[in-house]
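First comes the structure, then the notes that go with it.
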Amino acid sequence: MSFPLELAPLAPLVQLLPDAAFIQDSEGRWRALNRPARLLLGLELGQVQGRSSLELAQRLPSRTDLFQLCAKQEQEAWLHRQAIRVEARLAVGTGERDLELTFIPLFGAHGRRDGIIGIARDQTQQVRTAAALRASERRYRDIFATNAVSIWEEDFSAARQEVERLRAQGVSDLRAYFHDHPEFLRHCTALVRVIDVNDTTLQLFGARHKEELLGPLSRLIAPNSLPCFGEQLIALMEGNDHYACETTNRNLRGEELHLLLRLTVPDYGNSDLVLVNLIDITDRKRAEEALRESREKLAEAQYIARMGNWERNLESGKTIWSDQVFRLFGFEPQSFEPSLDRLVELIHPLDRERLDRELEAAYGGDPYSVEYRILRQGEVAHLREYARIDRDRHGQPLRIIGTVQDVTDIRRSEALTERLGRILDRSPNEIFVTDAQTLRFIQVNRGGRRKLGYSLEQLLNMTPLDICPTLNNEQMEQQIRLCLEGAESITFEGEFERSDGSRYPMEARLHYSPEEQPPVFVAITQDISERKAVERMKAEFIASISHELRTPLTALVGALSLITGGLAGPHRDELIDIAMKNSERLLTLINDLLDLKTLESGKVEFRLHRHDLMTLVEQAVEMGRGLAAAFDVRIRVVHALPAAAVEVDGSRLVQVLGNLLANAAKFSPEGSEVEVSVERHGDRARVSVCDQGEGVPEEFRPRLFQRFAQADGSSTRRRGGTGLGLAISRAIVEAMGGAIGVEHPARGACFYFELPLLPE
């Protein structure tokens with residue numbers, strides 16, 4: 001049977017006590033026995049556990065007197081709210097013994113009954129010793145010297161005379177006088193003489209010889225022991241031959257001792273000589289203090305963790321809440337009697353059914369965890385409840401023990417994170433948020449996840465080093481240092497590696513946010529593949545343009561210089577022809593540039609008319625044969641489409657086909673053919689130009705129709721061209737409602753364009 005939560009910390013402490021000790025819960029049921037108690041009572045825990053003293057008095061006839069006395073003293077302890085001690089001779093497991101029983105009531109916050117600690121001290125030996133002392137002084141001395149209890153023999157005669165003088169002066173209320181005149185008590189301690197102590201006392205007080213302790217009591221008594229000393233004087237003056245109290249003192253080493261003091265006036269004719277028994281209860285006091293501190297720390301920990309504990313007795317229906325549970329529900333501690341019905345009233349109506357389901361399932365044997373909402377001070381709060389059911393040895397439910405924790409801040413944080421995630425997901429950039437301490441990702445928006453091919457769960461276990469292979473520890477530390485030193489943001493470039501191992505260039509802007517808890521780094525990145533490609537094409541274009549301009553200009557200037565210098569001689573006409581051809585070459589280059597600019601701006605005016613497609617094809621083929629012949633290449637129409645009508649700008653279409661034929665001729669081997677075919681593809685006509693060259697390099701294919709794109713972009717390439725022809729051709733074809741593309745057969749390349757056919 002499990003302990004109530006408020007008594008659980010006591011169990012190991014009670015086991016450490018040297019005296020017989022037991023624990024009862026708030027309803028008087030026995031919950032624990034330490035080993036000395038089992039030996040003294042002759043009972044095992046299973047014989048008493050879960051039963052009250054009155055029940056045990058009926059069940060155990062041989063212990064009836066013991067348990068009836070316990071039941072009576074338990075009620076006295078609750079009634080007076082203080083420890084109750086009683087001495088009695090009782091039948092126990094070891095026979096009839098003289099016992100001192102102490103019942104210490106434990107109260108929780110606001111007076112709540114938590115339980116009782118009972119301590120049974122077997123003082124049979126002490127009682128027998130006292131009897132023996134009265135019978136024989138010599139025997140008394142022997143026992144006195146060897147007793148396991150600290151025994152003092154003190155002479156109160158001088159102190160008694162001093163108190164009698166007070167009475168003669170009219171002081172009737174000694175207790176009040178002692179309270180108002182502590183100096184009188186200190187004076188009396190100097191009058192009391194310690195005349196003998198036993199060996200146990202020497203050990204208790206750390207003395208090697210009796211002489212260290214004999215003499216005025218004032219040398220040994222601590223200031224906080226004066227009230228107890230005053231009560232001893234009063235007991236003697238009132239003729240009592242017994243008195244007991246708890247007190248504190250210090251041994252000769254200055255260590256504090258908690259003592260149970262019992263004063264006895266021996267029956268041998270001298271009432272001024274008293275025996276004082278001291279029992280060291282320091283361990284018990286420390287256990288009590290440890291228990292108190294444990295309860296305080298538990299309450300403090302629950303307050304900090306916003307968590308409380310509760311218990312519900314399934315037989316009686318009685319429910320107990322810790323102070324923190326009341327606070328979590330928005331009430332002052334112990335401001336009302338908690339119950340299951342009251343709990344259900346406080347829970348949000350939509351969450352009550354879920355709690356009922358969890359409770360029902362818990363009866364099957366499993367602990368449950370359920371979260372529900374409450375309205376606290378006008379705001380919705382989220383509480384999470386964990387609980388389990390305790391059962392008896394037959395498996396019947398006895399009680400439910402649980403905890404309640406406030407998870408409102410967690411849920412608000414999760415909602416805020418979710419909203420932030422949705423906001424970040426709308427960004428066109430990739431956004432990565434990392435913990436500034438661990439550098440692990442704590443948020444990655446949809447763009448970043450999609451770009452890298454990882455799920456959020458995968459990324460939450462990764463750091464930037466896992467996805468940025470070009471970034472090493474030293475570089476990363478440098479970027480972080482710049483942020484921490486106050487840079488508003490820093491920008492750098494690198495490469496990201498996708499989940500499939502492919503990479504792409506990126507630019508990152510890193511920002512440090514120390515105001516977040518925990519502090520975070522925010523990196524906004526973007527794929528700069530296109531920008532890098534454009535930069536590369538621009539570099540290639542500049543090299544190409546430099547070459548294309550420099551070559552004809554050099555030839556043109558050279559020819560004109562010879563002519564104007566009168567050095568042409570018989571080659572004048574030939575030089576003029578060279579100058580003319582190179583001027584035309586320059587003009588073509590400039591026209592290509594202007595055409596592309598005009599086409600991209602959308603300002604070109606197309607004169608669209610109905611044309612016979614084959615007529616335009618044959619015209620372009622005829623115009624291209626001259627250029628093809630220069631490369632020792634033939635152009636042949638291998639398939640025609642008669643009566644195919646299209647609505648196009650005729651000159652522009654001839655320009656497109658001329659570009660395709662010129663490219664095919666330039667990239668064809670000498671002596672080969674360029675084949676032209678015109679075929680129907682559904683409601684469109686396809687015009688194809690196929691060469692027998694080396695084909696288009698695979699890595700270059702994605703950039704074929706981009707501006708300035710050339711497979712060989714160097715200024716030393718064998719074939720001329722600016723890399724604008726295909727870009728211009730695509731713009732023209734698409735402007736006339738068509739499409740342009742390329743196929744890659746086993747040998748060479750087939751460029752084509754398609755145009756809508758007009759009805760016949």
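Order determines the names: the first chain of the structure tokens is A, the second B, and so forth; residues in each chain are numbered 1 upward, and ligands are numbered 1 upward as they are shown.
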Report as a PDB file with C-alpha atoms, in the first residue's frame: the residues of range 179-252 of chain A with a DSSP assignment of strand (DSSP E or B), based on the backbone of this structure.
ATOM      1  CA  ARG A 193      25.105  21.176  41.813  1.00  0.00           C
ATOM      2  CA  VAL A 194      25.827  18.186  39.559  1.00  0.00           C
ATOM      3  CA  ILE A 195      27.117  15.611  42.043  1.00  0.00           C
ATOM      4  CA  ASP A 196      27.363  12.544  39.845  1.00  0.00           C
ATOM      5  CA  VAL A 197      27.023  11.386  36.226  1.00  0.00           C
ATOM      6  CA  GLY A 215      29.891  21.274  39.775  1.00  0.00           C
ATOM      7  CA  PRO A 216      27.479  24.138  39.011  1.00  0.00           C
ATOM      8  CA  HIS A 242       8.381  13.259  37.986  1.00  0.00           C
ATOM      9  CA  TYR A 243       8.783  15.813  35.233  1.00  0.00           C
ATOM     10  CA  ALA A 244       9.706  15.464  31.547  1.00  0.00           C
ATOM     11  CA  CYS A 245      10.378  17.898  28.741  1.00  0.00           C
ATOM     12  CA  GLU A 246      12.355  18.331  25.546  1.00  0.00           C
ATOM     13  CA  THR A 247      15.301  20.675  25.666  1.00  0.00           C
ATOM     14  CA  THR A 248      18.486  21.559  23.833  1.00  0.00           C
ATOM     15  CA  ASN A 249      22.025  21.742  25.123  1.00  0.00           C
ATOM     16  CA  ARG A 250      25.593  21.688  23.880  1.00  0.00           C
TER      17      ARG A 250
END
Report as a list in words all protein, DNA and RNA residues lying within 8 Å of range 651-656 of chain A, evaluated on only C-alpha atoms, omitting residues in the same chain fewer than 2 positions from it.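 Counting only C-alpha atoms, the residues come to Leu616, Val617, Gln619, Ala620, Val648, Asp649, Gly658, Asn659, Leu660, Ile728, Ser729, Ile732 and Val733 of chain A.
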Okay, now the selection with all heavy atoms, as an mmCIF file, in the first residue's frame?
data_model
loop_
_atom_site.group_PDB
_atom_site.id
_atom_site.type_symbol
_atom_site.label_atom_id
_atom_site.label_comp_id
_atom_site.auth_asym_id
_atom_site.auth_seq_id
_atom_site.Cartn_x
_atom_site.Cartn_y
_atom_site.Cartn_z
ATOM 1 N N LEU A 616 8.827 29.789 -97.861
ATOM 2 C CA LEU A 616 9.748 30.459 -96.956
ATOM 3 C C LEU A 616 10.933 29.562 -96.618
ATOM 4 O O LEU A 616 12.075 30.022 -96.509
ATOM 5 C CB LEU A 616 9.024 30.874 -95.668
ATOM 6 C CG LEU A 616 7.878 31.878 -95.830
ATOM 7 C CD1 LEU A 616 7.190 32.121 -94.486
ATOM 8 C CD2 LEU A 616 8.408 33.192 -96.389
ATOM 9 N N VAL A 617 10.656 28.255 -96.460
ATOM 10 C CA VAL A 617 11.737 27.317 -96.145
ATOM 11 C C VAL A 617 12.736 27.260 -97.296
ATOM 12 O O VAL A 617 13.959 27.308 -97.091
ATOM 13 C CB VAL A 617 11.162 25.922 -95.834
ATOM 14 C CG1 VAL A 617 12.290 24.874 -95.757
ATOM 15 C CG2 VAL A 617 10.366 25.930 -94.533
ATOM 16 N N GLN A 619 13.302 29.477 -99.514
ATOM 17 C CA GLN A 619 14.021 30.759 -99.606
ATOM 18 C C GLN A 619 15.175 30.784 -98.602
ATOM 19 O O GLN A 619 16.296 31.187 -98.940
ATOM 20 C CB GLN A 619 13.048 31.906 -99.326
ATOM 21 C CG GLN A 619 13.695 33.273 -99.382
ATOM 22 C CD GLN A 619 12.696 34.390 -99.040
ATOM 23 O OE1 GLN A 619 11.486 34.159 -99.047
ATOM 24 N NE2 GLN A 619 13.218 35.569 -98.766
ATOM 25 N N ALA A 620 14.923 30.352 -97.391
ATOM 26 C CA ALA A 620 15.971 30.349 -96.370
ATOM 27 C C ALA A 620 17.070 29.353 -96.723
ATOM 28 O O ALA A 620 18.265 29.613 -96.510
ATOM 29 C CB ALA A 620 15.358 30.013 -95.009
ATOM 30 N N VAL A 648 2.614 34.265 -90.371
ATOM 31 C CA VAL A 648 3.888 34.679 -89.785
ATOM 32 C C VAL A 648 4.375 35.953 -90.458
ATOM 33 O O VAL A 648 3.830 36.396 -91.472
ATOM 34 C CB VAL A 648 4.957 33.574 -89.963
ATOM 35 C CG1 VAL A 648 4.582 32.318 -89.198
ATOM 36 C CG2 VAL A 648 5.168 33.259 -91.431
ATOM 37 N N ASP A 649 5.443 36.498 -89.836
ATOM 38 C CA ASP A 649 6.200 37.562 -90.482
ATOM 39 C C ASP A 649 7.259 36.840 -91.314
ATOM 40 O O ASP A 649 8.187 36.225 -90.770
ATOM 41 C CB ASP A 649 6.854 38.459 -89.425
ATOM 42 C CG ASP A 649 7.582 39.652 -90.027
ATOM 43 O OD1 ASP A 649 8.196 39.481 -91.087
ATOM 44 O OD2 ASP A 649 7.545 40.735 -89.405
ATOM 45 N N GLY A 658 17.360 30.786 -91.033
ATOM 46 C CA GLY A 658 18.739 31.090 -91.419
ATOM 47 C C GLY A 658 19.697 30.898 -90.257
ATOM 48 O O GLY A 658 20.816 30.387 -90.427
ATOM 49 N N ASN A 659 19.292 31.309 -89.042
ATOM 50 C CA ASN A 659 20.138 31.103 -87.857
ATOM 51 C C ASN A 659 20.374 29.619 -87.609
ATOM 52 O O ASN A 659 21.496 29.190 -87.312
ATOM 53 C CB ASN A 659 19.490 31.719 -86.623
ATOM 54 C CG ASN A 659 19.693 33.217 -86.536
ATOM 55 O OD1 ASN A 659 20.624 33.746 -87.123
ATOM 56 N ND2 ASN A 659 18.818 33.901 -85.818
ATOM 57 N N LEU A 660 19.306 28.806 -87.693
ATOM 58 C CA LEU A 660 19.448 27.373 -87.465
ATOM 59 C C LEU A 660 20.350 26.734 -88.507
ATOM 60 O O LEU A 660 21.183 25.866 -88.181
ATOM 61 C CB LEU A 660 18.074 26.700 -87.463
ATOM 62 C CG LEU A 660 17.079 27.160 -86.375
ATOM 63 C CD1 LEU A 660 15.794 26.347 -86.450
ATOM 64 C CD2 LEU A 660 17.691 27.050 -84.991
ATOM 65 N N ILE A 728 17.574 34.988 -79.984
ATOM 66 C CA ILE A 728 16.743 35.801 -80.896
ATOM 67 C C ILE A 728 15.711 34.920 -81.574
ATOM 68 O O ILE A 728 14.528 35.290 -81.694
ATOM 69 C CB ILE A 728 17.646 36.507 -81.929
ATOM 70 C CG1 ILE A 728 18.523 37.558 -81.224
ATOM 71 C CG2 ILE A 728 16.818 37.141 -83.028
ATOM 72 C CD1 ILE A 728 19.563 38.179 -82.122
ATOM 73 N N SER A 729 16.132 33.729 -82.013
ATOM 74 C CA SER A 729 15.196 32.831 -82.710
ATOM 75 C C SER A 729 14.048 32.430 -81.804
ATOM 76 O O SER A 729 12.885 32.395 -82.225
ATOM 77 C CB SER A 729 15.955 31.585 -83.180
ATOM 78 O OG SER A 729 16.960 31.934 -84.110
ATOM 79 N N ILE A 732 11.570 35.304 -81.486
ATOM 80 C CA ILE A 732 10.763 35.514 -82.708
ATOM 81 C C ILE A 732 9.684 34.451 -82.817
ATOM 82 O O ILE A 732 8.502 34.749 -83.065
ATOM 83 C CB ILE A 732 11.677 35.508 -83.947
ATOM 84 C CG1 ILE A 732 12.591 36.745 -83.933
ATOM 85 C CG2 ILE A 732 10.850 35.468 -85.228
ATOM 86 C CD1 ILE A 732 13.631 36.755 -85.030
ATOM 87 N N VAL A 733 10.080 33.161 -82.648
ATOM 88 C CA VAL A 733 9.111 32.070 -82.806
ATOM 89 C C VAL A 733 7.991 32.186 -81.781
ATOM 90 O O VAL A 733 6.803 32.034 -82.109
ATOM 91 C CB VAL A 733 9.836 30.709 -82.677
ATOM 92 C CG1 VAL A 733 8.816 29.569 -82.600
ATOM 93 C CG2 VAL A 733 10.766 30.496 -83.853
#
Name the residues in contact with range 109-113 of chain A at a cut-off of 8 Å, using only C-alpha atoms, excluding same-chain residues fewer than 2 positions from it; report them as a PDB file with all heavy atoms, in the first residue's frame.
ATOM      1  N   SER A  26      -3.665  10.501   7.832  1.00  0.00           N
ATOM      2  CA  SER A  26      -4.582  11.479   8.420  1.00  0.00           C
ATOM      3  C   SER A  26      -5.862  10.846   8.959  1.00  0.00           C
ATOM      4  O   SER A  26      -6.566  11.462   9.756  1.00  0.00           O
ATOM      5  CB  SER A  26      -4.931  12.540   7.379  1.00  0.00           C
ATOM      6  OG  SER A  26      -5.548  11.940   6.267  1.00  0.00           O
ATOM      7  N   PRO A 105       1.580  14.836  16.067  1.00  0.00           N
ATOM      8  CA  PRO A 105       0.687  15.101  14.923  1.00  0.00           C
ATOM      9  C   PRO A 105       1.413  15.956  13.876  1.00  0.00           C
ATOM     10  O   PRO A 105       2.171  16.861  14.214  1.00  0.00           O
ATOM     11  CB  PRO A 105      -0.478  15.867  15.557  1.00  0.00           C
ATOM     12  CG  PRO A 105       0.141  16.560  16.740  1.00  0.00           C
ATOM     13  CD  PRO A 105       1.222  15.645  17.251  1.00  0.00           C
ATOM     14  N   LEU A 106       1.161  15.659  12.612  1.00  0.00           N
ATOM     15  CA  LEU A 106       1.744  16.414  11.488  1.00  0.00           C
ATOM     16  C   LEU A 106       0.631  17.157  10.768  1.00  0.00           C
ATOM     17  O   LEU A 106      -0.384  16.562  10.392  1.00  0.00           O
ATOM     18  CB  LEU A 106       2.448  15.476  10.508  1.00  0.00           C
ATOM     19  CG  LEU A 106       3.571  14.611  11.098  1.00  0.00           C
ATOM     20  CD1 LEU A 106       4.103  13.667  10.039  1.00  0.00           C
ATOM     21  CD2 LEU A 106       4.678  15.485  11.654  1.00  0.00           C
ATOM     22  N   PHE A 107       0.841  18.452  10.629  1.00  0.00           N
ATOM     23  CA  PHE A 107      -0.156  19.278   9.956  1.00  0.00           C
ATOM     24  C   PHE A 107       0.466  19.889   8.708  1.00  0.00           C
ATOM     25  O   PHE A 107       1.606  20.325   8.715  1.00  0.00           O
ATOM     26  CB  PHE A 107      -0.668  20.391  10.878  1.00  0.00           C
ATOM     27  CG  PHE A 107      -1.457  19.866  12.053  1.00  0.00           C
ATOM     28  CD1 PHE A 107      -0.824  19.549  13.255  1.00  0.00           C
ATOM     29  CD2 PHE A 107      -2.817  19.668  11.948  1.00  0.00           C
ATOM     30  CE1 PHE A 107      -1.538  19.066  14.326  1.00  0.00           C
ATOM     31  CE2 PHE A 107      -3.540  19.189  13.024  1.00  0.00           C
ATOM     32  CZ  PHE A 107      -2.893  18.872  14.224  1.00  0.00           C
ATOM     33  N   GLY A 115      -0.845  13.412   9.102  1.00  0.00           N
ATOM     34  CA  GLY A 115      -0.611  12.102   9.695  1.00  0.00           C
ATOM     35  C   GLY A 115       0.006  12.230  11.080  1.00  0.00           C
ATOM     36  O   GLY A 115       0.131  13.319  11.648  1.00  0.00           O
ATOM     37  N   ASP A 323      -1.427  23.126  -2.032  1.00  0.00           N
ATOM     38  CA  ASP A 323      -1.670  24.562  -2.207  1.00  0.00           C
ATOM     39  C   ASP A 323      -1.487  24.984  -3.659  1.00  0.00           C
ATOM     40  O   ASP A 323      -2.228  25.829  -4.180  1.00  0.00           O
ATOM     41  CB  ASP A 323      -0.702  25.364  -1.323  1.00  0.00           C
ATOM     42  CG  ASP A 323      -1.024  25.206   0.155  1.00  0.00           C
ATOM     43  OD1 ASP A 323      -2.087  24.634   0.473  1.00  0.00           O
ATOM     44  OD2 ASP A 323      -0.206  25.648   0.990  1.00  0.00           O
ATOM     45  N   GLN A 334      -6.486  26.188  -0.186  1.00  0.00           N
ATOM     46  CA  GLN A 334      -7.440  25.651   0.787  1.00  0.00           C
ATOM     47  C   GLN A 334      -8.653  26.557   0.975  1.00  0.00           C
ATOM     48  O   GLN A 334      -9.225  26.621   2.063  1.00  0.00           O
ATOM     49  CB  GLN A 334      -6.738  25.415   2.137  1.00  0.00           C
ATOM     50  CG  GLN A 334      -5.428  24.655   2.042  1.00  0.00           C
ATOM     51  CD  GLN A 334      -5.550  23.314   1.350  1.00  0.00           C
ATOM     52  OE1 GLN A 334      -6.559  22.617   1.497  1.00  0.00           O
ATOM     53  NE2 GLN A 334      -4.528  22.941   0.571  1.00  0.00           N
TER      54      GLN A 334
END
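Proximity to Arg503 in chain A was assessed for A:Asn663, A:Ser172, A:Gln396, A:Thr470 counting only C-alpha atoms; the smallest distance is recorded for A:Thr470.
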Give me the residues within 12 Å of Phe331 in chain A as a ChimeraX atom specification, counting only C-alpha atoms and dropping any in the same chain fewer than 4 places off. /A:321-327,335-338,346,375-377
Based on DSSP run over this structure's backbone, return all residues of range 321-449 of chain A in alpha helix (DSSP H), as a ChimeraX atom specification. /A:323-328,340-346,349-362,408-425,446-449
Which residues are near Glu76 in chain A? Cut-off 12 Å, only C-alpha atoms, ignore same chain within fewer than 2 positions. Put them as JSON, numbers by chain. {"A": [69, 70, 71, 72, 73, 74, 78, 79, 80, 81, 82, 83, 84, 85, 86, 102, 103, 104, 105, 116]}
Nearest to Leu724 in chain A: which of A:Gln24, A:Ala77, A:Gly254, A:Leu704 is it, counting only C-alpha atoms?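 Residue with the minimum atom-to-atom distance to Leu724 in chain A: A:Leu704.
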Quick one: of A:Ala735, A:Glu6, A:Val676, A:Glu743, who's nearest to Leu291 in chain A, counting only C-alpha atoms?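 Smallest distance to Leu291 in chain A is found for A:Glu6.
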